[in-house]
file query.cif (mmCIF, C-alpha atoms)
data_run
#
loop_
_atom_site.label_atom_id
_atom_site.label_comp_id
_atom_site.auth_asym_id
_atom_site.auth_seq_id
_atom_site.Cartn_x
_atom_site.Cartn_y
_atom_site.Cartn_z
CA MET U 286 80.64 95.87 78.85
CA LYS U 287 80.65 95.12 82.55
CA GLY U 288 84.15 96.58 82.91
CA SER U 289 83.06 99.72 81.09
CA LYS U 290 80.09 100.18 83.42
CA MET U 291 82.35 99.68 86.42
CA LYS U 292 84.83 102.20 85.04
CA TYR U 293 82.28 104.94 84.50
CA SER U 294 80.64 104.29 87.85
CA ILE U 295 83.48 106.34 89.36
CA LEU U 296 81.76 109.38 87.85
CA PHE U 297 79.54 109.49 90.90
CA LEU U 298 82.50 110.89 92.90
CA PRO U 299 82.95 114.00 90.69
CA LEU U 300 79.17 114.45 90.57
CA LEU U 301 78.99 114.20 94.36
CA ALA U 302 81.84 116.71 94.69
CA ILE U 303 80.05 119.18 92.40
CA TYR U 304 76.78 118.82 94.31
CA LEU U 305 78.42 119.27 97.71
CA THR U 306 80.43 122.25 96.48
CA PHE U 307 77.34 124.16 95.34
CA GLN U 308 75.49 123.08 98.46
CA PHE U 309 78.05 124.17 101.06
CA MET U 310 80.58 126.56 99.47
CA LYS U 311 80.63 130.08 100.87
CA LEU U 312 82.26 132.85 98.83
CA PRO U 313 84.14 135.82 100.34
CA GLU U 314 81.63 138.60 100.92
CA THR U 315 83.71 141.28 99.19
CA PHE U 316 86.89 141.44 97.13
CA THR U 317 88.70 142.95 100.10
CA ASN U 318 88.00 139.72 101.97
CA PHE U 319 89.65 137.71 99.21
CA ASN U 320 92.91 136.29 100.58
CA ILE U 321 95.31 136.54 97.65
CA ALA U 322 98.30 135.40 99.72
CA LEU U 323 96.48 132.20 100.66
CA VAL U 324 95.57 131.50 97.02
CA VAL U 325 99.18 131.99 95.87
CA PHE U 326 100.46 129.75 98.65
CA LEU U 327 97.93 127.00 97.90
CA CYS U 328 98.77 127.03 94.19
CA PHE U 329 102.49 126.99 94.93
CA ILE U 330 102.42 124.11 97.42
CA SER U 331 100.06 122.12 95.17
CA ILE U 332 102.57 122.29 92.30
CA LEU U 333 105.53 121.70 94.60
CA GLU U 334 103.93 118.60 96.08
CA ARG U 335 103.24 117.07 92.68
CA ARG U 336 106.79 117.74 91.54
CA LEU U 337 108.56 116.41 94.61
CA VAL U 338 106.39 113.55 95.88
CA LYS U 339 107.20 111.04 93.15
CA PHE U 340 107.71 107.73 94.87
CA TYR U 341 104.55 107.64 96.97
CA THR U 342 101.48 107.81 94.78
CA PRO U 343 98.62 106.29 96.82
CA LEU U 344 95.91 108.88 97.23
CA TRP U 345 96.08 109.26 100.99
CA PHE U 346 99.82 110.00 100.91
CA SER U 347 99.14 113.43 99.56
CA PHE U 348 99.99 116.34 101.82
CA PHE U 349 96.54 117.74 100.99
CA ILE U 350 95.15 116.28 104.22
CA VAL U 351 97.43 118.61 106.16
CA VAL U 352 96.55 121.60 104.01
CA LEU U 353 92.84 120.82 104.20
CA GLY U 354 93.02 120.36 107.94
CA GLN U 355 94.24 123.93 108.28
CA LEU U 356 91.84 125.29 105.66
CA ILE U 357 88.73 124.12 107.48
CA PHE U 358 89.32 126.76 110.14
CA ASP U 359 88.42 129.40 107.53
CA GLU U 360 84.77 130.02 106.71
CA ASN U 361 85.62 130.14 103.00
CA SER U 362 87.70 126.96 103.12
CA ILE U 363 85.80 125.15 100.36
CA PHE U 364 86.22 128.11 98.02
CA TYR U 365 89.97 128.38 98.64
CA SER U 366 90.49 124.63 98.38
CA LEU U 367 89.35 124.79 94.75
CA PHE U 368 92.48 126.79 93.91
CA TYR U 369 94.63 124.09 95.50
CA PHE U 370 92.88 121.22 93.76
CA GLY U 371 92.39 123.06 90.48
CA THR U 372 96.08 123.90 90.23
CA GLY U 373 97.07 120.34 91.04
CA PHE U 374 94.60 118.95 88.51
CA VAL U 375 95.83 121.16 85.66
CA PHE U 376 99.49 120.58 86.53
CA THR U 377 99.02 116.80 86.61
CA ILE U 378 97.20 116.77 83.27
CA VAL U 379 99.92 118.85 81.61
CA LYS U 380 102.75 116.89 83.21
CA LYS U 381 101.31 113.43 82.54
CA ARG U 382 99.92 113.75 79.05
CA GLY U 383 98.08 110.71 77.78
CA THR U 384 96.78 109.71 81.19
CA SER U 385 93.07 109.50 81.91
CA ILE U 386 91.48 112.85 82.68
CA LEU U 387 88.61 110.97 84.30
CA ASN U 388 90.96 109.34 86.80
CA HIS U 389 92.56 112.66 87.72
CA LEU U 390 89.14 114.27 88.00
CA THR U 391 88.01 111.49 90.31
CA THR U 392 91.04 111.71 92.60
CA THR U 393 90.61 115.49 92.75
CA SER U 394 86.97 114.98 93.68
CA ILE U 395 88.01 112.82 96.62
CA GLY U 396 89.92 115.74 98.11
CA ILE U 397 87.03 118.14 97.55
CA ILE U 398 84.55 115.76 99.19
CA ALA U 399 86.93 115.31 102.12
CA ILE U 400 87.30 119.03 102.82
CA ILE U 401 83.57 119.68 102.55
CA LEU U 402 82.65 116.91 104.98
CA GLY U 403 85.58 117.83 107.24
CA ASN U 404 84.49 121.46 107.23
CA GLU U 405 80.95 120.54 108.15
CA TYR U 406 82.13 118.20 110.89
CA TYR U 407 84.51 120.69 112.51
CA ASN U 408 82.37 123.81 112.29
CA ARG U 409 78.99 122.26 113.07
CA PHE U 410 79.61 119.42 115.49
CA THR U 411 82.68 120.33 117.56
CA GLU U 412 83.66 122.90 120.16
CA GLN U 413 86.74 123.71 118.03
CA SER U 414 89.24 122.80 120.72
CA TYR U 415 92.71 121.30 120.30
CA ILE U 416 91.30 117.77 120.54
CA ASP U 417 88.59 118.63 118.03
CA ARG U 418 91.16 119.86 115.54
CA TYR U 419 93.27 116.73 116.00
CA LEU U 420 90.21 114.50 115.57
CA THR U 421 89.27 116.46 112.45
CA PHE U 422 92.67 115.69 110.94
CA ILE U 423 92.10 112.01 111.71
CA PHE U 424 88.61 112.22 110.24
CA LEU U 425 90.04 113.65 107.01
CA LEU U 426 92.68 110.91 106.88
CA ILE U 427 90.21 108.07 107.42
CA LEU U 428 87.72 109.57 104.98
CA SER U 429 90.35 109.95 102.26
CA ILE U 430 91.47 106.34 102.78
CA ILE U 431 87.89 105.08 102.49
CA LEU U 432 87.21 107.14 99.36
CA ALA U 433 90.54 106.14 97.82
CA ASN U 434 89.80 102.45 98.33
CA LEU U 435 86.31 102.96 96.93
CA TYR U 436 87.84 104.58 93.85
CA PHE U 437 90.34 101.75 93.41
CA TYR U 438 87.59 99.17 93.76
CA LEU U 439 85.37 100.85 91.17
CA GLU U 440 88.25 101.49 88.77
CA PHE U 441 90.36 98.35 89.19
CA ASN U 442 87.98 95.99 91.05
CA ARG U 443 90.36 95.85 94.01
CA THR U 444 91.42 97.94 97.00
CA GLN U 445 94.80 99.53 97.56
CA SER U 446 97.48 97.00 98.50
CA THR U 447 100.55 99.14 99.16
CA TYR U 448 100.24 99.16 102.94
CA MET U 449 103.94 98.63 103.49
CA TYR U 450 104.47 101.93 101.67
CA THR U 451 101.68 103.83 103.39
CA ILE U 452 101.77 102.86 107.04
CA LEU U 453 104.82 104.85 108.18
CA PRO U 454 103.81 108.13 106.48
CA ILE U 455 100.34 107.73 107.97
CA LEU U 456 101.82 107.18 111.44
CA PHE U 457 104.11 110.17 110.90
CA LYS U 458 101.08 112.34 110.28
CA LEU U 459 99.27 110.96 113.31
CA VAL U 460 102.22 111.28 115.70
CA VAL U 461 104.07 114.36 114.43
CA ILE U 462 102.19 116.55 111.96
CA PHE U 463 98.63 116.44 113.28
CA PRO U 464 99.51 117.10 116.95
CA ILE U 465 101.61 120.14 115.98
CA LEU U 466 99.10 121.73 113.61
CA SER U 467 96.23 121.15 116.03
CA PHE U 468 97.65 123.97 118.16
CA TYR U 469 96.64 126.46 115.47
CA ASN U 470 93.05 127.47 114.75
CA TYR U 471 94.09 129.37 111.63
CA PHE U 472 96.05 128.68 108.45
CA ASN U 473 99.69 128.83 109.50
CA PHE U 474 101.80 129.35 106.37
CA PHE U 475 105.17 128.95 108.05
CA MET U 476 104.36 125.80 110.00
CA ILE U 477 102.76 124.07 107.01
CA THR U 478 105.84 124.83 104.91
CA VAL U 479 108.21 123.50 107.59
CA LEU U 480 106.16 120.34 108.08
CA PHE U 481 105.86 119.85 104.33
CA PHE U 482 109.62 119.63 103.90
CA LEU U 483 109.93 117.53 107.05
CA TYR U 484 107.35 115.18 105.55
CA LEU U 485 109.32 115.00 102.30
CA PHE U 486 112.47 114.18 104.26
CA PHE U 487 110.66 111.36 106.05
CA LEU U 488 109.23 110.02 102.78
CA ASN U 489 112.71 110.00 101.30
CA PHE U 490 113.98 108.01 104.29
CA CYS U 491 111.20 105.45 103.80
CA ARG U 492 111.88 105.32 100.08
CA LYS U 493 115.59 104.68 100.51
CA THR U 494 114.92 102.00 103.11
CA LEU U 495 112.51 100.15 100.84
CA LEU U 496 114.72 100.45 97.77
CA SER U 497 117.63 99.01 99.75
CA ILE U 498 115.78 95.71 100.21
CA SER U 499 117.62 93.05 98.22
CA ASP U 500 117.42 89.33 97.53
CA THR U 501 119.63 88.83 100.59
CA HIS U 502 116.98 90.34 102.86
CA VAL U 503 114.22 88.31 101.22
CA GLN U 504 116.28 85.15 101.63
CA GLU U 505 116.91 86.00 105.29
CA LEU U 506 113.16 86.21 105.86
CA MET U 507 112.56 82.96 104.00
CA ASP U 508 115.17 81.21 106.13
CA LEU U 509 113.61 82.52 109.34
CA ILE U 510 110.15 81.29 108.33
CA LYS U 511 111.53 77.95 107.15
CA GLN U 512 113.48 77.45 110.35
CA LYS U 513 110.67 78.41 112.72
CA HIS U 514 107.55 77.16 110.94
CA LYS U 515 108.78 74.62 108.35
CA ILE U 516 107.12 76.57 105.55
CA ASP U 517 108.59 76.39 102.05
CA ILE U 518 108.46 79.57 99.98
CA LEU U 519 108.49 79.10 96.21
CA PHE U 520 108.67 81.61 93.37
CA MET U 521 106.60 80.94 90.27
CA GLU U 522 104.41 82.55 87.63
CA LEU U 523 101.08 83.48 89.26
CA GLY U 524 99.68 85.87 86.68
CA ASP U 525 97.86 88.74 88.38
CA ILE U 526 98.09 87.13 91.82
CA LYS U 527 100.97 88.26 94.02
CA GLY U 528 100.98 85.31 96.37
CA MET U 529 99.13 82.27 97.67
CA PHE U 530 99.30 80.13 100.79
CA TYR U 531 98.64 76.39 100.79
CA PRO U 532 98.03 75.43 104.45
CA LYS U 533 97.85 71.66 103.87
CA LYS U 534 101.21 71.62 102.11
CA SER U 535 102.82 74.39 104.22
CA ILE U 536 103.83 76.23 101.06
CA ILE U 537 103.77 79.93 100.22
CA ALA U 538 103.88 80.72 96.51
CA ILE U 539 105.13 84.16 95.42
CA ASP U 540 104.82 85.64 91.95
CA GLU U 541 108.28 85.72 90.41
CA LYS U 542 107.65 89.07 88.68
CA LEU U 543 107.57 91.05 91.93
CA ASP U 544 110.47 93.27 92.93
CA TYR U 545 112.22 92.65 96.24
CA PRO U 546 110.15 95.01 98.44
CA GLU U 547 106.95 93.49 97.03
CA GLN U 548 108.32 89.99 97.53
CA LEU U 549 108.95 90.75 101.18
CA GLN U 550 105.54 92.34 101.68
CA THR U 551 103.77 89.44 99.97
CA ILE U 552 105.64 86.88 102.05
CA VAL U 553 104.55 88.76 105.18
CA HIS U 554 100.98 88.90 103.86
CA GLU U 555 100.81 85.17 103.22
CA TYR U 556 102.58 84.37 106.49
CA LEU U 557 99.91 86.30 108.37
CA HIS U 558 97.30 84.15 106.63
CA TYR U 559 99.22 81.10 107.86
CA TYR U 560 99.31 82.48 111.40
CA LEU U 561 95.57 83.22 111.48
CA ASN U 562 94.82 79.84 109.96
CA LYS U 563 96.92 78.22 112.67
CA LYS U 564 94.95 80.11 115.33
CA GLY U 565 91.72 78.70 113.96
CA LYS U 566 90.48 81.77 112.07
CA SER U 567 88.61 80.49 109.07
CA HIS U 568 86.37 83.25 107.70
CA PHE U 569 88.08 84.49 104.53
CA LEU U 570 86.82 88.08 104.61
CA LEU U 571 87.68 88.47 108.29
CA ASP U 572 91.12 86.98 107.72
CA GLU U 573 91.75 89.30 104.77
CA LEU U 574 90.68 92.33 106.79
CA LEU U 575 92.97 91.46 109.69
CA VAL U 576 95.89 90.72 107.38
CA THR U 577 95.36 93.99 105.52
CA MET U 578 95.37 95.93 108.79
CA LEU U 579 98.49 94.22 110.11
CA GLU U 580 100.74 93.67 107.10
CA GLY U 581 102.06 97.23 106.86
CA ILE U 582 103.33 97.38 110.44
CA VAL U 583 104.53 93.77 110.44
CA SER U 584 106.39 94.35 107.15
CA TRP U 585 108.40 97.19 108.66
CA VAL U 586 109.18 95.16 111.78
CA VAL U 587 110.39 92.38 109.50
CA ILE U 588 112.45 94.81 107.39
CA LEU U 589 114.29 96.08 110.45
CA LYS U 590 114.81 92.53 111.72
CA VAL U 591 116.18 91.07 108.49
CA LYS U 592 118.39 94.10 107.90
CA LYS U 593 119.81 93.64 111.37
CA GLY U 594 120.32 89.94 110.69
CA VAL U 595 122.07 90.55 107.37
CA ASN U 596 124.32 93.26 108.82
CA ALA U 597 125.21 91.20 111.90
#
call {"tool": "encode", "arguments": {"input": "query.cif", "output": "structure tokens"}}
result
Amino acid sequence: MKGSKMKYSILFLPLLAIYLTFQFMKLPETFTNFNIALVVFLCFISILERRLVKFYTPLWFSFFIVVLGQLIFDENSIFYSLFYFGTGFVFTIVKKRGTSILNHLTTTSIGIIAIILGNEYYNRFTEQSYIDRYLTFIFLLILSIILANLYFYLEFNRTQSTYMYTILPILFKLVVIFPILSFYNYFNFFMITVLFFLYLFFLNFCRKTLLSISDTHVQELMDLIKQKHKIDILFMELGDIKGMFYPKKSIIAIDEKLDYPEQLQTIVHEYLHYYLNKKGKSHFLLDELLVTMLEGIVSWVVILKVKKGVNA
């Protein structure tokens, strides 16, 4: 019963999206103001994204943040965004039959809420300069991450844990995509298309790198930790828990069901707990927050290091 209540509590996100849409959406004044080319483009890129971006599924990976960031410069941005989200919603339901419509509705609502709040922020509280546009992109990114984690907590009673998969695409947006698009105060079809395929290329690079992680790389990391810190890493059945660290015994336990990339990420996660424990950090929630923030970047540093060690 409790799980059912938790599950349906995610309905507040679609309800909030509906309320905000009716509260803030502005329709084109006349049919001649209706931008058909923009609608066609939004529908096309929405379908294309859902067909091509297969490996990375966390909510904030979606290219919609980029599209939304450009849409907010239009006074009818909320109206046009519904074509983008509506097309994606229908396509996903048809493509993934048997999946929960409620879940898809909720994730769609996250995007709608993000563009409404982003639109209000940019058009009401900024001077609409280059820096303001860049900060708006960042605002959309952070907001989508917060809402995505809220959704995961309400639906699965946990937050997202795929930070090794998300950190590089997020940094790519911050360092490459957002600075470029911030030069434009209008919806630039060509630039969004170019950056979309550049983003896909980068995702594919990340995907291939992660899939190339093998037991040899995991063993290399285990040997490094064992040699430097005298920590034993054991694989065992842990049920729903990915890993545990026993500071008094200097043992890290990893769930044996994990694939190699997850094994590496979990070892890094538990090692960071060891490091913070060694430094005297003792508050569990603070430790978990710091580890969560660091594990994505540290995991990629470790990946590059162990790959270099194996290939040497």
call {"tool": "closest_residue", "arguments": {"input": "query.cif", "among": "U:Ile526, U:Ile350, U:Ile378, U:Leu488", "to": "U:Leu466", "atoms": "all atoms listed in the file"}}
result
U:Ile350
call {"tool": "atom_distance", "arguments": {"input": "query.cif", "atom1": "atom CA of U:His554", "atom2": "atom CA of U:Ile427"}}
result
22.3 Å
call {"tool": "closest_residue", "arguments": {"input": "query.cif", "among": "U:Leu561, U:Ile536, U:Met578, U:Ile400", "to": "U:Gln355", "atoms": "all atoms listed in the file"}}
result
U:Ile400
call {"tool": "closest_residue", "arguments": {"input": "query.cif", "among": "U:Tyr407, U:Pro464, U:Gly373, U:Ile516", "to": "U:Arg336", "atoms": "all atoms listed in the file"}}
result
U:Gly373
call {"tool": "closest_residue", "arguments": {"input": "query.cif", "among": "U:Phe481, U:Phe487, U:Tyr436, U:Phe348", "to": "U:His389", "atoms": "only C-alpha atoms"}}
result
U:Tyr436
call {"tool": "closest_atom_pairs", "arguments": {"input": "query.cif", "of": "stretch 397-464 of chain U", "to": "stretch 585-591 of chain U", "cutoff": "9 Å", "atoms": "all atoms listed in the file", "output": "CSV"}}
result
residue,atom,partner,partner_atom,distance
U:Met449,CA,U:Trp585,CA,7.0
U:Ile452,CA,U:Trp585,CA,8.9
U:Leu453,CA,U:Trp585,CA,8.5
call {"tool": "atom_distance", "arguments": {"input": "query.cif", "atom1": "atom CA of U:Ile537", "atom2": "atom CA of U:Val583"}}
result
17.2 Å
call {"tool": "closest_residue", "arguments": {"input": "query.cif", "among": "U:Ser499, U:Thr478, U:Ser366, U:Asn470", "to": "U:Gln413", "atoms": "all atoms listed in the file"}}
result
U:Asn470
call {"tool": "residues_around", "arguments": {"input": "query.cif", "residues": "U:Ser497", "least_positions_apart": "5", "cutoff": "12 Å", "atoms": "all atoms listed in the file", "output": "list in words"}}
result
Phe490, Cys491, Arg492, His502, Val503, Asp544, Tyr545, Pro546, Ile588, Leu589, Val591 and Lys592 of chain U
call {"tool": "write_last_selection", "arguments": {"input": "query.cif", "atoms": "C-alpha atoms", "output": "PDB file, keeping the file's coordinate frame"}}
result
ATOM      1  CA  PHE U 490     113.980 108.010 104.290  1.00  0.00           C
ATOM      2  CA  CYS U 491     111.200 105.450 103.800  1.00  0.00           C
ATOM      3  CA  ARG U 492     111.880 105.320 100.080  1.00  0.00           C
ATOM      4  CA  HIS U 502     116.980  90.340 102.860  1.00  0.00           C
ATOM      5  CA  VAL U 503     114.220  88.310 101.220  1.00  0.00           C
ATOM      6  CA  ASP U 544     110.470  93.270  92.930  1.00  0.00           C
ATOM      7  CA  TYR U 545     112.220  92.650  96.240  1.00  0.00           C
ATOM      8  CA  PRO U 546     110.150  95.010  98.440  1.00  0.00           C
ATOM      9  CA  ILE U 588     112.450  94.810 107.390  1.00  0.00           C
ATOM     10  CA  LEU U 589     114.290  96.080 110.450  1.00  0.00           C
ATOM     11  CA  VAL U 591     116.180  91.070 108.490  1.00  0.00           C
ATOM     12  CA  LYS U 592     118.390  94.100 107.900  1.00  0.00           C
TER      13      LYS U 592
END
call {"tool": "residues_around", "arguments": {"input": "query.cif", "residues": "U:Asn404", "least_positions_apart": "4", "cutoff": "8 Å", "atoms": "all atoms listed in the file", "output": "list of chain:residue names"}}
result
U:Ile357, U:Phe358, U:Ser362, U:Ile363, U:Ile400, U:Asn408
call {"tool": "closest_residue", "arguments": {"input": "query.cif", "among": "U:Asn361, U:Gln308, U:Asn489, U:Ser414", "to": "U:Phe468", "atoms": "all atoms listed in the file"}}
result
U:Ser414
call {"tool": "resolve_selection", "arguments": {"input": "query.cif", "expression": "the PyMOL selection byres ((chain U and resi 471-473) around 8)", "output": "list in words"}}
result
Gln355, Leu356, Phe358, Asp359, Tyr469, Asn470, Phe474, Phe475, Met476 and Ile477 of chain U
call {"tool": "residues_near_point", "arguments": {"input": "query.cif", "point": "(87.8, 114.7, 99.2)", "cutoff": "10 Å", "atoms": "all atoms listed in the file", "output": "PyMOL selection string"}}
result
chain U and resi 298-299+302+349-350+353+370+391-403+425-426+428-430+432-433
call {"tool": "atom_distance", "arguments": {"input": "query.cif", "atom1": "atom CA of U:Ile386", "atom2": "atom CA of U:Leu435"}}
result
18.1 Å
call {"tool": "residues_near_point", "arguments": {"input": "query.cif", "point": "(115.4, 81.5, 99.2)", "cutoff": "9 Å", "atoms": "only C-alpha atoms", "output": "mmCIF file with C-alpha atoms, in the coordinates of the input"}}
result
data_model
loop_
_atom_site.group_PDB
_atom_site.id
_atom_site.type_symbol
_atom_site.label_atom_id
_atom_site.label_comp_id
_atom_site.auth_asym_id
_atom_site.auth_seq_id
_atom_site.Cartn_x
_atom_site.Cartn_y
_atom_site.Cartn_z
ATOM 1 C CA ASP U 500 117.420 89.330 97.530
ATOM 2 C CA THR U 501 119.630 88.830 100.590
ATOM 3 C CA VAL U 503 114.220 88.310 101.220
ATOM 4 C CA GLN U 504 116.280 85.150 101.630
ATOM 5 C CA GLU U 505 116.910 86.000 105.290
ATOM 6 C CA LEU U 506 113.160 86.210 105.860
ATOM 7 C CA MET U 507 112.560 82.960 104.000
ATOM 8 C CA ASP U 508 115.170 81.210 106.130
ATOM 9 C CA ASP U 517 108.590 76.390 102.050
ATOM 10 C CA ILE U 518 108.460 79.570 99.980
ATOM 11 C CA LEU U 519 108.490 79.100 96.210
ATOM 12 C CA PHE U 520 108.670 81.610 93.370
#
call {"tool": "resolve_selection", "arguments": {"input": "query.cif", "expression": "the PyMOL selection byres ((chain U and resi 556) around 12)", "output": "PyMOL selection string"}}
result
chain U and resi 506-507+509-511+513-518+528-532+535-539+549-555+557-563+572+576+579-580+583-584+587
call {"tool": "write_last_selection", "arguments": {"input": "query.cif", "atoms": "C-alpha atoms", "output": "PDB file, in the frame of the given file"}}
result
ATOM      1  CA  LEU U 506     113.160  86.210 105.860  1.00  0.00           C
ATOM      2  CA  MET U 507     112.560  82.960 104.000  1.00  0.00           C
ATOM      3  CA  LEU U 509     113.610  82.520 109.340  1.00  0.00           C
ATOM      4  CA  ILE U 510     110.150  81.290 108.330  1.00  0.00           C
ATOM      5  CA  LYS U 511     111.530  77.950 107.150  1.00  0.00           C
ATOM      6  CA  LYS U 513     110.670  78.410 112.720  1.00  0.00           C
ATOM      7  CA  HIS U 514     107.550  77.160 110.940  1.00  0.00           C
ATOM      8  CA  LYS U 515     108.780  74.620 108.350  1.00  0.00           C
ATOM      9  CA  ILE U 516     107.120  76.570 105.550  1.00  0.00           C
ATOM     10  CA  ASP U 517     108.590  76.390 102.050  1.00  0.00           C
ATOM     11  CA  ILE U 518     108.460  79.570  99.980  1.00  0.00           C
ATOM     12  CA  GLY U 528     100.980  85.310  96.370  1.00  0.00           C
ATOM     13  CA  MET U 529      99.130  82.270  97.670  1.00  0.00           C
ATOM     14  CA  PHE U 530      99.300  80.130 100.790  1.00  0.00           C
ATOM     15  CA  TYR U 531      98.640  76.390 100.790  1.00  0.00           C
ATOM     16  CA  PRO U 532      98.030  75.430 104.450  1.00  0.00           C
ATOM     17  CA  SER U 535     102.820  74.390 104.220  1.00  0.00           C
ATOM     18  CA  ILE U 536     103.830  76.230 101.060  1.00  0.00           C
ATOM     19  CA  ILE U 537     103.770  79.930 100.220  1.00  0.00           C
ATOM     20  CA  ALA U 538     103.880  80.720  96.510  1.00  0.00           C
ATOM     21  CA  ILE U 539     105.130  84.160  95.420  1.00  0.00           C
ATOM     22  CA  LEU U 549     108.950  90.750 101.180  1.00  0.00           C
ATOM     23  CA  GLN U 550     105.540  92.340 101.680  1.00  0.00           C
ATOM     24  CA  THR U 551     103.770  89.440  99.970  1.00  0.00           C
ATOM     25  CA  ILE U 552     105.640  86.880 102.050  1.00  0.00           C
ATOM     26  CA  VAL U 553     104.550  88.760 105.180  1.00  0.00           C
ATOM     27  CA  HIS U 554     100.980  88.900 103.860  1.00  0.00           C
ATOM     28  CA  GLU U 555     100.810  85.170 103.220  1.00  0.00           C
ATOM     29  CA  LEU U 557      99.910  86.300 108.370  1.00  0.00           C
ATOM     30  CA  HIS U 558      97.300  84.150 106.630  1.00  0.00           C
ATOM     31  CA  TYR U 559      99.220  81.100 107.860  1.00  0.00           C
ATOM     32  CA  TYR U 560      99.310  82.480 111.400  1.00  0.00           C
ATOM     33  CA  LEU U 561      95.570  83.220 111.480  1.00  0.00           C
ATOM     34  CA  ASN U 562      94.820  79.840 109.960  1.00  0.00           C
ATOM     35  CA  LYS U 563      96.920  78.220 112.670  1.00  0.00           C
ATOM     36  CA  ASP U 572      91.120  86.980 107.720  1.00  0.00           C
ATOM     37  CA  VAL U 576      95.890  90.720 107.380  1.00  0.00           C
ATOM     38  CA  LEU U 579      98.490  94.220 110.110  1.00  0.00           C
ATOM     39  CA  GLU U 580     100.740  93.670 107.100  1.00  0.00           C
ATOM     40  CA  VAL U 583     104.530  93.770 110.440  1.00  0.00           C
ATOM     41  CA  SER U 584     106.390  94.350 107.150  1.00  0.00           C
ATOM     42  CA  VAL U 587     110.390  92.380 109.500  1.00  0.00           C
TER      43      VAL U 587
END
call {"tool": "resolve_selection", "arguments": {"input": "query.cif", "expression": "the PyMOL selection byres ((chain U and resi 313) around 12)", "output": "number ranges by chain"}}
result
U: 310-312, 314-321, 359-365
call {"tool": "build_atoms", "arguments": {"input": "query.cif", "residues": "stretch 520-535 of chain U", "atoms": "N, CA and C atoms", "output": "PDB file, in the coordinates of the input"}}
result
ATOM      1  N   PHE U 520     108.937  80.546  94.332  1.00  0.00           N
ATOM      2  CA  PHE U 520     108.670  81.610  93.370  1.00  0.00           C
ATOM      3  C   PHE U 520     108.240  80.988  92.048  1.00  0.00           C
ATOM      4  N   MET U 521     107.133  81.492  91.516  1.00  0.00           N
ATOM      5  CA  MET U 521     106.600  80.940  90.270  1.00  0.00           C
ATOM      6  C   MET U 521     105.728  81.980  89.580  1.00  0.00           C
ATOM      7  N   GLU U 522     105.291  81.666  88.380  1.00  0.00           N
ATOM      8  CA  GLU U 522     104.410  82.550  87.630  1.00  0.00           C
ATOM      9  C   GLU U 522     102.980  82.406  88.164  1.00  0.00           C
ATOM     10  N   LEU U 523     102.436  83.508  88.693  1.00  0.00           N
ATOM     11  CA  LEU U 523     101.080  83.480  89.260  1.00  0.00           C
ATOM     12  C   LEU U 523     100.126  84.424  88.545  1.00  0.00           C
ATOM     13  N   GLY U 524     100.560  84.973  87.419  1.00  0.00           N
ATOM     14  CA  GLY U 524      99.680  85.870  86.680  1.00  0.00           C
ATOM     15  C   GLY U 524      99.466  87.174  87.419  1.00  0.00           C
ATOM     16  N   ASP U 525      98.196  87.496  87.684  1.00  0.00           N
ATOM     17  CA  ASP U 525      97.860  88.740  88.380  1.00  0.00           C
ATOM     18  C   ASP U 525      97.859  88.590  89.891  1.00  0.00           C
ATOM     19  N   ILE U 526      98.098  87.385  90.376  1.00  0.00           N
ATOM     20  CA  ILE U 526      98.090  87.130  91.820  1.00  0.00           C
ATOM     21  C   ILE U 526      99.507  87.292  92.364  1.00  0.00           C
ATOM     22  N   LYS U 527      99.638  88.036  93.449  1.00  0.00           N
ATOM     23  CA  LYS U 527     100.970  88.260  94.020  1.00  0.00           C
ATOM     24  C   LYS U 527     101.459  87.070  94.829  1.00  0.00           C
ATOM     25  N   GLY U 528     100.554  86.426  95.540  1.00  0.00           N
ATOM     26  CA  GLY U 528     100.980  85.310  96.370  1.00  0.00           C
ATOM     27  C   GLY U 528      99.818  84.442  96.806  1.00  0.00           C
ATOM     28  N   MET U 529     100.136  83.211  97.189  1.00  0.00           N
ATOM     29  CA  MET U 529      99.130  82.270  97.670  1.00  0.00           C
ATOM     30  C   MET U 529      99.725  81.426  98.786  1.00  0.00           C
ATOM     31  N   PHE U 530      98.860  80.998  99.703  1.00  0.00           N
ATOM     32  CA  PHE U 530      99.300  80.130 100.790  1.00  0.00           C
ATOM     33  C   PHE U 530      98.518  78.825 100.747  1.00  0.00           C
ATOM     34  N   TYR U 531      99.254  77.715 100.802  1.00  0.00           N
ATOM     35  CA  TYR U 531      98.640  76.390 100.790  1.00  0.00           C
ATOM     36  C   TYR U 531      98.846  75.761 102.171  1.00  0.00           C
ATOM     37  N   PRO U 532      97.849  75.879 103.062  1.00  0.00           N
ATOM     38  CA  PRO U 532      98.030  75.430 104.450  1.00  0.00           C
ATOM     39  C   PRO U 532      98.305  73.930 104.583  1.00  0.00           C
ATOM     40  N   LYS U 533      97.669  73.108 103.744  1.00  0.00           N
ATOM     41  CA  LYS U 533      97.850  71.660 103.870  1.00  0.00           C
ATOM     42  C   LYS U 533      99.253  71.222 103.474  1.00  0.00           C
ATOM     43  N   LYS U 534      99.870  71.967 102.569  1.00  0.00           N
ATOM     44  CA  LYS U 534     101.210  71.620 102.110  1.00  0.00           C
ATOM     45  C   LYS U 534     102.296  72.478 102.764  1.00  0.00           C
ATOM     46  N   SER U 535     101.879  73.458 103.578  1.00  0.00           N
ATOM     47  CA  SER U 535     102.820  74.390 104.220  1.00  0.00           C
ATOM     48  C   SER U 535     103.732  75.045 103.178  1.00  0.00           C
TER      49      SER U 535
END
